[in-house]
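Undergrad: Structure: protein05.cif, mmCIF, C-alpha atoms.
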data_work
loop_
_atom_site.group_PDB
_atom_site.id
_atom_site.type_symbol
_atom_site.label_atom_id
_atom_site.label_comp_id
_atom_site.auth_asym_id
_atom_site.auth_seq_id
_atom_site.Cartn_x
_atom_site.Cartn_y
_atom_site.Cartn_z
ATOM 1 C CA MET A 12 106.243 118.279 117.789
ATOM 2 C CA ARG A 13 107.129 116.796 121.171
ATOM 3 C CA GLY A 14 105.062 114.320 123.147
ATOM 4 C CA TYR A 15 103.561 114.843 126.605
ATOM 5 C CA GLY A 16 106.460 113.103 128.339
ATOM 6 C CA ASP A 17 109.236 114.620 126.227
ATOM 7 C CA ASP A 18 110.479 117.078 128.874
ATOM 8 C CA VAL A 19 107.281 119.144 128.688
ATOM 9 C CA LEU A 20 105.178 117.412 131.320
ATOM 10 C CA GLY A 21 105.371 113.884 132.701
ATOM 11 C CA GLY A 22 108.448 112.116 134.031
ATOM 12 C CA ALA A 23 109.370 110.512 137.329
ATOM 13 C CA GLN A 24 110.817 113.499 139.210
ATOM 14 C CA ASP A 25 109.451 114.386 142.640
ATOM 15 C CA SER A 26 107.901 117.639 141.412
ATOM 16 C CA GLU A 27 105.858 115.739 138.807
ATOM 17 C CA ARG A 28 104.680 113.234 141.391
ATOM 18 C CA ALA A 29 103.640 116.143 143.608
ATOM 19 C CA ARG A 30 101.821 117.780 140.688
ATOM 20 C CA LEU A 31 99.926 114.575 139.896
ATOM 21 C CA ALA A 32 99.052 114.098 143.567
ATOM 22 C CA ALA A 33 97.660 117.639 143.775
ATOM 23 C CA MET A 34 95.699 117.089 140.563
ATOM 24 C CA ALA A 35 94.248 113.885 141.984
ATOM 25 C CA ALA A 36 93.227 115.641 145.191
ATOM 26 C CA VAL A 37 91.278 118.187 143.134
ATOM 27 C CA CYS A 38 89.756 115.880 140.519
ATOM 28 C CA ASP A 39 89.288 112.438 142.075
ATOM 29 C CA PRO A 40 86.131 113.201 144.083
ATOM 30 C CA THR A 41 84.282 114.313 140.939
ATOM 31 C CA THR A 42 85.629 111.395 138.901
ATOM 32 C CA ALA A 43 84.532 108.917 141.582
ATOM 33 C CA ARG A 44 81.062 110.463 141.734
ATOM 34 C CA VAL A 45 80.612 110.203 137.958
ATOM 35 C CA LEU A 46 81.842 106.601 137.852
ATOM 36 C CA ASP A 47 79.652 105.701 140.823
ATOM 37 C CA ASP A 48 76.606 107.259 139.150
ATOM 38 C CA LEU A 49 77.325 105.181 136.032
ATOM 39 C CA GLY A 50 77.130 102.018 138.090
ATOM 40 C CA VAL A 51 80.749 100.866 138.056
ATOM 41 C CA GLY A 52 80.824 97.877 140.355
ATOM 42 C CA PRO A 53 81.788 94.269 141.050
ATOM 43 C CA GLY A 54 82.984 92.245 138.089
ATOM 44 C CA TRP A 55 83.634 95.168 135.729
ATOM 45 C CA ARG A 56 86.635 95.018 133.398
ATOM 46 C CA CYS A 57 88.125 98.521 133.361
ATOM 47 C CA LEU A 58 90.774 100.309 131.321
ATOM 48 C CA GLU A 59 92.318 103.386 132.931
ATOM 49 C CA VAL A 60 94.107 105.305 130.152
ATOM 50 C CA GLY A 61 96.966 107.635 131.061
ATOM 51 C CA ALA A 62 96.729 106.568 134.683
ATOM 52 C CA GLY A 63 99.036 109.286 136.061
ATOM 53 C CA ALA A 64 99.473 108.811 139.795
ATOM 54 C CA GLY A 65 97.198 105.775 139.734
ATOM 55 C CA THR A 66 94.626 107.039 142.218
ATOM 56 C CA VAL A 67 91.635 106.399 139.943
ATOM 57 C CA ALA A 68 92.975 102.956 139.008
ATOM 58 C CA THR A 69 93.308 102.113 142.704
ATOM 59 C CA TRP A 70 89.768 103.315 143.413
ATOM 60 C CA LEU A 71 88.453 101.241 140.521
ATOM 61 C CA ALA A 72 90.336 98.139 141.666
ATOM 62 C CA GLY A 73 88.646 98.353 145.043
ATOM 63 C CA ARG A 74 85.244 98.941 143.482
ATOM 64 C CA VAL A 75 85.315 96.059 140.972
ATOM 65 C CA ARG A 76 87.277 93.480 143.013
ATOM 66 C CA PRO A 77 84.322 91.244 143.954
ATOM 67 C CA ALA A 78 83.105 88.878 141.268
ATOM 68 C CA GLY A 79 86.403 88.871 139.389
ATOM 69 C CA GLY A 80 86.581 92.483 138.295
ATOM 70 C CA HIS A 81 89.891 93.727 136.921
ATOM 71 C CA VAL A 82 91.576 97.038 136.095
ATOM 72 C CA VAL A 83 94.273 97.642 133.476
ATOM 73 C CA ALA A 84 96.114 100.922 134.123
ATOM 74 C CA THR A 85 98.185 102.186 131.202
ATOM 75 C CA ASP A 86 100.590 105.047 130.648
ATOM 76 C CA ILE A 87 103.456 105.945 128.339
ATOM 77 C CA ASP A 88 105.516 106.348 131.527
ATOM 78 C CA PRO A 89 104.252 103.881 134.132
ATOM 79 C CA ARG A 90 107.035 104.531 136.660
ATOM 80 C CA PRO A 91 104.692 106.396 139.073
ATOM 81 C CA LEU A 92 102.522 103.255 139.016
ATOM 82 C CA ASP A 93 105.256 100.796 139.982
ATOM 83 C CA ASP A 94 103.843 100.108 143.445
ATOM 84 C CA LEU A 95 100.216 99.686 142.366
ATOM 85 C CA ALA A 96 100.051 96.303 140.653
ATOM 86 C CA GLY A 97 97.967 93.764 142.552
ATOM 87 C CA PRO A 98 95.733 90.734 142.137
ATOM 88 C CA ASN A 99 93.145 92.655 140.131
ATOM 89 C CA LEU A 100 95.199 95.651 138.961
ATOM 90 C CA THR A 101 97.602 95.357 136.022
ATOM 91 C CA VAL A 102 100.009 98.184 135.164
ATOM 92 C CA LEU A 103 101.043 98.371 131.521
ATOM 93 C CA HIS A 104 103.407 100.524 129.471
ATOM 94 C CA HIS A 105 101.186 101.411 126.547
ATOM 95 C CA ASP A 106 100.850 104.062 123.843
ATOM 96 C CA ILE A 107 97.191 104.465 122.932
ATOM 97 C CA THR A 108 98.069 106.174 119.658
ATOM 98 C CA CYS A 109 99.619 103.042 118.136
ATOM 99 C CA ASP A 110 99.687 100.013 120.437
ATOM 100 C CA PRO A 111 97.034 97.286 120.127
ATOM 101 C CA GLN A 112 94.182 96.852 122.570
ATOM 102 C CA PRO A 113 95.561 96.022 126.017
ATOM 103 C CA PRO A 114 94.920 92.532 127.358
ATOM 104 C CA GLY A 115 91.822 92.088 129.463
ATOM 105 C CA GLY A 116 89.340 93.566 127.006
ATOM 106 C CA PRO A 117 86.878 94.192 125.681
ATOM 107 C CA PHE A 118 86.189 96.529 128.583
ATOM 108 C CA ASP A 119 83.058 97.468 130.496
ATOM 109 C CA LEU A 120 84.641 100.858 131.262
ATOM 110 C CA VAL A 121 87.253 102.950 129.497
ATOM 111 C CA HIS A 122 88.249 106.085 131.413
ATOM 112 C CA ALA A 123 90.686 108.778 130.247
ATOM 113 C CA ARG A 124 91.330 111.981 132.196
ATOM 114 C CA PHE A 125 93.465 114.792 130.752
ATOM 115 C CA VAL A 126 94.795 112.574 127.970
ATOM 116 C CA LEU A 127 93.058 113.061 124.632
ATOM 117 C CA GLU A 128 93.239 116.872 124.514
ATOM 118 C CA HIS A 129 97.043 116.514 124.567
ATOM 119 C CA LEU A 130 97.109 114.229 121.507
ATOM 120 C CA PRO A 131 96.995 115.723 117.994
ATOM 121 C CA ALA A 132 95.376 112.432 116.840
ATOM 122 C CA ARG A 133 92.703 112.667 119.568
ATOM 123 C CA GLU A 134 89.791 111.848 117.242
ATOM 124 C CA GLU A 135 91.467 108.699 115.953
ATOM 125 C CA VAL A 136 92.407 107.688 119.512
ATOM 126 C CA LEU A 137 88.814 108.166 120.616
ATOM 127 C CA ASP A 138 87.743 105.819 117.812
ATOM 128 C CA ARG A 139 90.158 103.220 119.180
ATOM 129 C CA LEU A 140 88.925 103.585 122.756
ATOM 130 C CA VAL A 141 85.299 103.208 121.721
ATOM 131 C CA ALA A 142 86.212 100.100 119.715
ATOM 132 C CA TRP A 143 87.761 98.568 122.850
ATOM 133 C CA LEU A 144 84.435 98.732 124.723
ATOM 134 C CA ALA A 145 82.368 95.634 125.237
ATOM 135 C CA PRO A 146 78.775 95.874 123.980
ATOM 136 C CA GLY A 147 76.987 98.016 126.553
ATOM 137 C CA GLY A 148 80.313 99.266 127.931
ATOM 138 C CA VAL A 149 80.819 102.869 129.030
ATOM 139 C CA ILE A 150 83.496 105.373 128.075
ATOM 140 C CA VAL A 151 84.212 108.417 130.259
ATOM 141 C CA VAL A 152 86.433 111.186 128.888
ATOM 142 C CA GLU A 153 87.605 114.116 131.004
ATOM 143 C CA SER A 154 89.250 117.110 129.368
ATOM 144 C CA ILE A 155 90.592 120.536 130.226
ATOM 145 C CA ALA A 156 88.148 123.289 129.292
ATOM 146 C CA GLY A 157 89.845 126.667 129.463
ATOM 147 C CA PHE A 158 86.778 128.884 129.139
ATOM 148 C CA PRO A 159 86.738 130.381 132.698
ATOM 149 C CA VAL A 160 90.225 131.889 132.428
ATOM 150 C CA GLY A 161 89.387 134.761 130.071
ATOM 151 C CA SER A 162 87.175 136.477 132.647
ATOM 152 C CA SER A 163 89.749 136.386 135.459
ATOM 153 C CA PRO A 164 90.013 139.734 137.297
ATOM 154 C CA HIS A 165 93.733 139.104 137.951
ATOM 155 C CA PRO A 166 95.730 140.086 134.831
ATOM 156 C CA ALA A 167 98.923 138.187 135.695
ATOM 157 C CA PHE A 168 97.012 135.011 136.524
ATOM 158 C CA ARG A 169 94.931 135.330 133.352
ATOM 159 C CA ARG A 170 97.990 135.844 131.152
ATOM 160 C CA ALA A 171 99.913 133.021 132.812
ATOM 161 C CA MET A 172 97.034 130.552 132.395
ATOM 162 C CA HIS A 173 96.659 131.503 128.738
ATOM 163 C CA ALA A 174 100.417 130.973 128.382
ATOM 164 C CA VAL A 175 100.008 127.437 129.773
ATOM 165 C CA GLU A 176 97.390 126.699 127.104
ATOM 166 C CA ASP A 177 99.476 128.301 124.372
ATOM 167 C CA VAL A 178 102.753 126.590 125.246
ATOM 168 C CA LEU A 179 101.102 123.168 125.421
ATOM 169 C CA ALA A 180 99.536 123.841 122.028
ATOM 170 C CA VAL A 181 102.825 124.731 120.350
ATOM 171 C CA THR A 182 104.945 122.046 122.038
ATOM 172 C CA ILE A 183 102.732 118.940 122.151
ATOM 173 C CA GLY A 184 99.578 119.894 120.235
ATOM 174 C CA THR A 185 97.159 120.321 123.140
ATOM 175 C CA ASP A 186 93.710 121.662 122.281
ATOM 176 C CA ALA A 187 92.240 123.223 125.440
ATOM 177 C CA THR A 188 89.034 123.986 123.520
ATOM 178 C CA TRP A 189 88.277 120.377 122.553
ATOM 179 C CA GLY A 190 86.366 119.650 125.764
ATOM 180 C CA ARG A 191 84.141 122.663 125.079
ATOM 181 C CA ARG A 192 82.558 120.566 122.289
ATOM 182 C CA PHE A 193 81.518 117.780 124.658
ATOM 183 C CA PRO A 194 79.514 115.608 124.380
ATOM 184 C CA ALA A 195 79.485 115.926 120.562
ATOM 185 C CA PRO A 196 82.485 113.583 120.014
ATOM 186 C CA LEU A 197 80.569 110.778 121.734
ATOM 187 C CA LEU A 198 77.277 111.509 119.995
ATOM 188 C CA ASP A 199 79.126 111.509 116.668
ATOM 189 C CA ARG A 200 80.177 107.915 117.352
ATOM 190 C CA GLY A 201 76.672 106.655 117.917
ATOM 191 C CA LEU A 202 76.986 106.119 121.660
ATOM 192 C CA LEU A 203 73.890 105.889 123.836
ATOM 193 C CA ASP A 204 72.944 107.461 127.183
ATOM 194 C CA VAL A 205 75.387 110.292 126.514
ATOM 195 C CA GLY A 206 75.832 112.852 129.264
ATOM 196 C CA LEU A 207 77.963 115.804 130.314
ATOM 197 C CA THR A 208 78.966 117.545 133.498
ATOM 198 C CA VAL A 209 81.518 120.241 134.279
ATOM 199 C CA SER A 210 83.672 120.604 137.377
ATOM 200 C CA LEU A 211 85.009 124.052 138.236
ATOM 201 C CA PRO A 212 86.859 124.038 141.568
ATOM 202 C CA ALA A 213 88.091 127.260 143.104
ATOM 203 C CA THR A 214 91.815 127.864 142.753
ATOM 204 C CA GLY A 215 93.177 129.699 145.756
ATOM 205 C CA GLY A 216 93.594 129.763 149.475
ATOM 206 C CA ALA A 217 96.824 127.812 148.864
ATOM 207 C CA ASN A 218 94.611 124.776 148.155
ATOM 208 C CA ALA A 219 95.418 121.687 146.075
ATOM 209 C CA SER A 220 94.280 123.376 142.864
ATOM 210 C CA ALA A 221 96.589 126.331 143.492
ATOM 211 C CA LEU A 222 99.469 123.935 144.185
ATOM 212 C CA CYS A 223 98.750 121.956 141.027
ATOM 213 C CA TRP A 224 98.713 125.060 138.844
ATOM 214 C CA ALA A 225 101.829 126.462 140.529
ATOM 215 C CA LEU A 226 103.718 123.230 139.858
ATOM 216 C CA THR A 227 102.408 123.135 136.280
ATOM 217 C CA LEU A 228 103.394 126.747 135.667
ATOM 218 C CA SER A 229 106.848 126.183 137.162
ATOM 219 C CA ARG A 230 107.359 123.078 135.036
ATOM 220 C CA LEU A 231 106.330 124.889 131.848
ATOM 221 C CA ARG A 232 108.153 128.133 132.647
ATOM 222 C CA PRO A 233 111.253 127.435 130.483
ATOM 223 C CA HIS A 234 109.058 126.597 127.480
ATOM 224 C CA ILE A 235 106.852 129.651 128.028
ATOM 225 C CA LEU A 236 109.893 131.915 128.105
ATOM 226 C CA GLU A 237 111.489 130.142 125.142
ATOM 227 C CA HIS A 238 108.408 130.856 123.035
ATOM 228 C CA GLN A 239 108.132 134.415 124.439
ATOM 229 C CA LEU A 240 104.497 133.951 125.418
ATOM 230 C CA VAL A 241 104.714 136.152 128.529
ATOM 231 C CA ALA A 242 107.543 137.810 130.413
ATOM 232 C CA ALA A 243 109.215 136.295 133.451
ATOM 233 C CA ASP A 244 107.831 138.981 135.785
ATOM 234 C CA VAL A 245 104.266 137.992 134.812
ATOM 235 C CA LEU A 246 104.998 134.371 135.673
ATOM 236 C CA ASP A 247 106.564 135.437 138.974
ATOM 237 C CA GLU A 248 103.501 137.502 139.860
ATOM 238 C CA ALA A 249 101.169 134.631 138.975
ATOM 239 C CA LEU A 250 103.187 132.220 141.127
ATOM 240 C CA ASP A 251 103.110 134.708 144.007
ATOM 241 C CA LEU A 252 99.319 134.886 143.687
ATOM 242 C CA LEU A 253 98.992 131.096 143.704
ATOM 243 C CA ALA A 254 101.056 130.956 146.912
ATOM 244 C CA ASP A 255 98.977 133.681 148.613
ATOM 245 C CA PRO A 256 96.325 132.234 150.996
ATOM 246 C CA GLY A 257 94.178 135.293 150.286
ATOM 247 C CA PHE A 258 94.063 134.754 146.503
ATOM 248 C CA PHE A 259 91.063 133.084 144.840
ATOM 249 C CA ASP A 260 90.162 132.713 141.171
ATOM 250 C CA LEU A 261 88.891 130.194 138.621
ATOM 251 C CA ALA A 262 91.372 128.335 136.437
ATOM 252 C CA ALA A 263 90.452 125.788 133.774
ATOM 253 C CA ALA A 264 87.332 123.704 134.229
ATOM 254 C CA THR A 265 87.091 119.967 133.615
ATOM 255 C CA ALA A 266 84.508 118.823 131.063
ATOM 256 C CA ILE A 267 83.414 115.222 131.650
ATOM 257 C CA ALA A 268 81.447 113.341 128.998
ATOM 258 C CA TRP A 269 80.267 109.748 128.938
ATOM 259 C CA GLY A 270 78.405 107.391 126.645
ATOM 260 C CA ARG A 271 77.526 103.735 126.300
ATOM 261 C CA ARG A 272 78.319 101.460 123.383
ATOM 262 C CA PRO A 273 75.129 99.967 121.948
ATOM 263 C CA PRO A 274 74.425 96.423 123.157
ATOM 264 C CA ALA A 275 75.057 93.528 120.834
ATOM 265 C CA ALA A 276 72.206 92.671 118.518
ATOM 266 C CA PRO A 277 70.358 89.515 119.582
ATOM 267 C CA THR A 278 71.210 86.362 117.697
ATOM 268 C CA PRO A 279 68.380 85.550 115.268
ATOM 269 C CA ALA A 280 66.437 82.415 116.149
ATOM 270 C CA VAL A 281 67.149 79.499 113.824
#
If you took the structure in this file and wrote it as structure tokens, what would it be?
TA:
Amino acid sequence: MRGYGDDVLGGAQDSERARLAAMAAVCDPTTARVLDDLGVGPGWRCLEVGAGAGTVATWLAGRVRPAGGHVVATDIDPRPLDDLAGPNLTVLHHDITCDPQPPGGPFDLVHARFVLEHLPAREEVLDRLVAWLAPGGVIVVESIAGFPVGSSPHPAFRRAMHAVEDVLAVTIGTDATWGRRFPAPLLDRGLLDVGLTVSLPATGGANASALCWALTLSRLRPHILEHQLVAADVLDEALDLLADPGFFDLAAATAIAWGRRPPAAPTPAV
């Protein structure tokens, strides 16, 4: 089985940078609201896992800068992050499936968006991320949740979106249903103050979501055709819909779960 960056998704080409930028435009406002509601602020030590275009890492660096806060942004391909490193933002090539805890921990915040659902060892990786939290630290996990797609009234769009899920499953082991279980994975690990929200932006009107899905579909097209998941004319029709300013539909949602590691037990009085 391939990895995320093994010519399936990822890489440093301009189309991938554009795809990540469109994804950030859709998702960053919700991510920032959740992190703001959780109290992320000055002095926090943050780990941004699978940092992508680096927009969340940059936002965090600005938020935590006072009082010595610091952000570590990691990715298996950190080339899109080359220009981001600064006084309180460290960029690190890092594989969360096998590499040790990044320097700078334990962390007050661990955030991972669209990472764990793509990893066959997602449960073991989640164990590692929770272990890297400081006592009282917060983990926020965002995952694709494909449940809206099945009710789409546009057959070509529906079939193409299912093909995206299916081809990611067979090539890199993505589970687009994992986020539908949220927040159970965090409750199972004994975290406190667990919560859940779902973001479901409209895809259409030639907006950023439509661009992101068009770029994703175009990138995955050779793999979809190789595995004979849908025919080329279905993909062409779906891409035409995504480019049509009059088209609107609902693609995958984003499930966002968070929880807090229990505080350290007080030291017994002697």
Undergrad: Which residues fall under the PyMOL selection byres ((chain A and resi 31-42) around 8) in this file, as a list in words?
TA: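 Applied to this file, the PyMOL selection byres ((chain A and resi 31-42) around 8) selects Glu27, Arg28, Ala29, Arg30, Ala43, Arg44, Val45, Leu46, Gly63, Ala64, Thr66, Val67, Ser210, Pro212, Ala219, Ser220, Leu222 and Cys223 of chain A.
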Undergrad: For Glu153 (chain A), please output as a list in words all residues within 6 Å (counting only C-alpha atoms; exclusion window: fewer than 4 positions along the same chain).
TA: Arg124, Phe125, Ala266 and Ile267 of chain A
Undergrad: The selected residues should be written to file as a PDB file, in the coordinates of the input (atoms: C-alpha atoms).
TA:
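Result file again_11.pdb:
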ATOM      1  CA  ARG A 124      91.330 111.981 132.196  1.00  0.00           C
ATOM      2  CA  PHE A 125      93.465 114.792 130.752  1.00  0.00           C
ATOM      3  CA  ALA A 266      84.508 118.823 131.063  1.00  0.00           C
ATOM      4  CA  ILE A 267      83.414 115.222 131.650  1.00  0.00           C
TER       5      ILE A 267
END
Undergrad: For Glu248 (chain A), which residue out of A:Ala167, A:Val205, A:Leu95, A:Val160 is the nearest one, using all atoms listed in the file?
TA: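 Of A:Ala167, A:Val205, A:Leu95, A:Val160, the one nearest Glu248 (chain A), counting all atoms listed in the file, is A:Ala167.
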Undergrad: Please compute the CA of Leu144 (chain A)-CA of Pro117 (chain A) distance, one decimal, in Å.
TA: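 That distance, rounded to one decimal, is 5.2 Å.
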Undergrad: Counting all atoms listed in the file, which residues of region 110-132 of chain A fall within 12 Å of region 70-88 of chain A, and what is the closest atom pair for each with its distance in Å at one decimal, ordered by chain and rising number, as JSON lines?
TA:
{"residue": "A:Asp110", "atom": "CA", "partner": "A:Ile87", "partner_atom": "CA", "distance": 10.6}
{"residue": "A:Gln112", "atom": "CA", "partner": "A:Thr85", "partner_atom": "CA", "distance": 10.9}
{"residue": "A:Pro113", "atom": "CA", "partner": "A:Val83", "partner_atom": "CA", "distance": 7.7}
{"residue": "A:Pro114", "atom": "CA", "partner": "A:Val83", "partner_atom": "CA", "distance": 8.0}
{"residue": "A:Gly115", "atom": "CA", "partner": "A:Val83", "partner_atom": "CA", "distance": 7.3}
{"residue": "A:Gly116", "atom": "CA", "partner": "A:Val83", "partner_atom": "CA", "distance": 9.1}
{"residue": "A:Pro117", "atom": "CA", "partner": "A:Val83", "partner_atom": "CA", "distance": 11.3}
{"residue": "A:Phe118", "atom": "CA", "partner": "A:Val82", "partner_atom": "CA", "distance": 9.3}
{"residue": "A:Asp119", "atom": "CA", "partner": "A:Gly80", "partner_atom": "CA", "distance": 9.9}
{"residue": "A:Leu120", "atom": "CA", "partner": "A:Val82", "partner_atom": "CA", "distance": 9.3}
{"residue": "A:Val121", "atom": "CA", "partner": "A:Val83", "partner_atom": "CA", "distance": 9.7}
{"residue": "A:His122", "atom": "CA", "partner": "A:Ala84", "partner_atom": "CA", "distance": 9.8}
{"residue": "A:Ala123", "atom": "CA", "partner": "A:Thr85", "partner_atom": "CA", "distance": 10.0}
{"residue": "A:Arg124", "atom": "CA", "partner": "A:Asp86", "partner_atom": "CA", "distance": 11.7}
{"residue": "A:Val126", "atom": "CA", "partner": "A:Asp86", "partner_atom": "CA", "distance": 9.9}
Undergrad: Go ahead and save the residues from that selection, with C-alpha atoms, as a tab-separated table (two decimals), keeping the file's coordinate frame.
TA:
chain	number	residue	atom	x	y	z
A	110	ASP	CA	99.69	100.01	120.44
A	112	GLN	CA	94.18	96.85	122.57
A	113	PRO	CA	95.56	96.02	126.02
A	114	PRO	CA	94.92	92.53	127.36
A	115	GLY	CA	91.82	92.09	129.46
A	116	GLY	CA	89.34	93.57	127.01
A	117	PRO	CA	86.88	94.19	125.68
A	118	PHE	CA	86.19	96.53	128.58
A	119	ASP	CA	83.06	97.47	130.50
A	120	LEU	CA	84.64	100.86	131.26
A	121	VAL	CA	87.25	102.95	129.50
A	122	HIS	CA	88.25	106.08	131.41
A	123	ALA	CA	90.69	108.78	130.25
A	124	ARG	CA	91.33	111.98	132.20
A	126	VAL	CA	94.80	112.57	127.97
Undergrad: Name the residues in contact with Asp260 (chain A) at a cut-off of 12 Å, using all atoms listed in the file, excluding same-chain residues fewer than 2 positions from it; report them as a PyMOL selection string.
TA: chain A and resi 159-169+172+211-218+220-221+224+249+252-253+255-258+262-264
Undergrad: With C-alpha atoms retained, could you export that selection as a tab-separated table (two decimals), in the coordinates of the input?
TA:
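The new file out.tsv reads:
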chain	number	residue	atom	x	y	z
A	159	PRO	CA	86.74	130.38	132.70
A	160	VAL	CA	90.22	131.89	132.43
A	161	GLY	CA	89.39	134.76	130.07
A	162	SER	CA	87.18	136.48	132.65
A	163	SER	CA	89.75	136.39	135.46
A	164	PRO	CA	90.01	139.73	137.30
A	165	HIS	CA	93.73	139.10	137.95
A	166	PRO	CA	95.73	140.09	134.83
A	167	ALA	CA	98.92	138.19	135.70
A	168	PHE	CA	97.01	135.01	136.52
A	169	ARG	CA	94.93	135.33	133.35
A	172	MET	CA	97.03	130.55	132.40
A	211	LEU	CA	85.01	124.05	138.24
A	212	PRO	CA	86.86	124.04	141.57
A	213	ALA	CA	88.09	127.26	143.10
A	214	THR	CA	91.82	127.86	142.75
A	215	GLY	CA	93.18	129.70	145.76
A	216	GLY	CA	93.59	129.76	149.48
A	217	ALA	CA	96.82	127.81	148.86
A	218	ASN	CA	94.61	124.78	148.16
A	220	SER	CA	94.28	123.38	142.86
A	221	ALA	CA	96.59	126.33	143.49
A	224	TRP	CA	98.71	125.06	138.84
A	249	ALA	CA	101.17	134.63	138.98
A	252	LEU	CA	99.32	134.89	143.69
A	253	LEU	CA	98.99	131.10	143.70
A	255	ASP	CA	98.98	133.68	148.61
A	256	PRO	CA	96.32	132.23	151.00
A	257	GLY	CA	94.18	135.29	150.29
A	258	PHE	CA	94.06	134.75	146.50
A	262	ALA	CA	91.37	128.34	136.44
A	263	ALA	CA	90.45	125.79	133.77
A	264	ALA	CA	87.33	123.70	134.23
Undergrad: For each of A:Leu226, A:Phe158, A:Leu197, A:Gly148, take the minimum atom-to-atom distance to Gly50 (chain A), counting only C-alpha atoms, then give the residue where this is smallest.
TA: A:Gly148
Undergrad: Can you tell me how far CA of Pro98 (chain A) sits from CA of Pro274 (chain A), in Å to one decimal?
TA: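 Going from CA of Pro98 (chain A) over to CA of Pro274 (chain A), I get 29.1 Å.
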Undergrad: Do you have the CA of Gly270 (chain A)-CA of Leu49 (chain A) distance handy?
TA: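 Separation between CA of Gly270 (chain A) and CA of Leu49 (chain A): 9.7 Å.
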Undergrad: Could you list the residues chosen by the PyMOL selection byres ((chain A and resi 191) around 12) in this structure as a list of chain:residue names?
TA: A:Glu128, A:Glu153, A:Ser154, A:Ile155, A:Ala156, A:Gly157, A:Phe158, A:Pro159, A:Asp186, A:Ala187, A:Thr188, A:Trp189, A:Gly190, A:Arg192, A:Phe193, A:Pro194, A:Ala195, A:Pro196, A:Leu207, A:Thr208, A:Val209, A:Ala263, A:Ala264, A:Thr265, A:Ala266, A:Ile267, A:Ala268
Undergrad: Which of these, A:Leu100, A:Leu202, A:Ala171, A:Val60, has the shortest distance to Pro146 (chain A) once you count all atoms listed in the file?
TA: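 Between A:Leu100, A:Leu202, A:Ala171, A:Val60, the residue approaching Pro146 (chain A) most closely is A:Leu202.
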Undergrad: Report the centre and edge lengths, in Å to one decimal, of an axis-aligned box enclosing every atom of region 148-160 of chain A listed in the file, padded by 8 Å on each side, as AutoDock Vina command-line options.
TA:
--center_x 85.5 --center_y 115.6 --center_z 130.3 --size_x 26.3 --size_y 48.6 --size_z 20.8
Undergrad: Return the single residue from A:Thr185, A:Gln24, A:Asn99, A:Thr227 that is closest to Arg56 (chain A), with distances computed using only C-alpha atoms.
TA: A:Asn99
Undergrad: Choose the residue, out of A:Gly97, A:Ala180, A:Val245, A:Arg271, that has the smallest atom-to-atom separation from Trp143 (chain A); count all atoms listed in the file.
TA: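 Residue with the minimum atom-to-atom distance to Trp143 (chain A): A:Arg271.
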Undergrad: To verify the selection step, state as a VMD selection string which residues the PyMOL selection byres ((chain A and resi 108) around 9) yields on this input.
TA: chain A and resid 105 to 107 109 to 111 130 132 to 133 135 to 136 139
Undergrad: With all atoms listed in the file as the atoms that count, which of A:His104, A:His173, A:Arg200, A:Arg272 lies nearest to Val241 (chain A)?
TA: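 Using all atoms listed in the file, Val241 (chain A) sits closest to A:His173.
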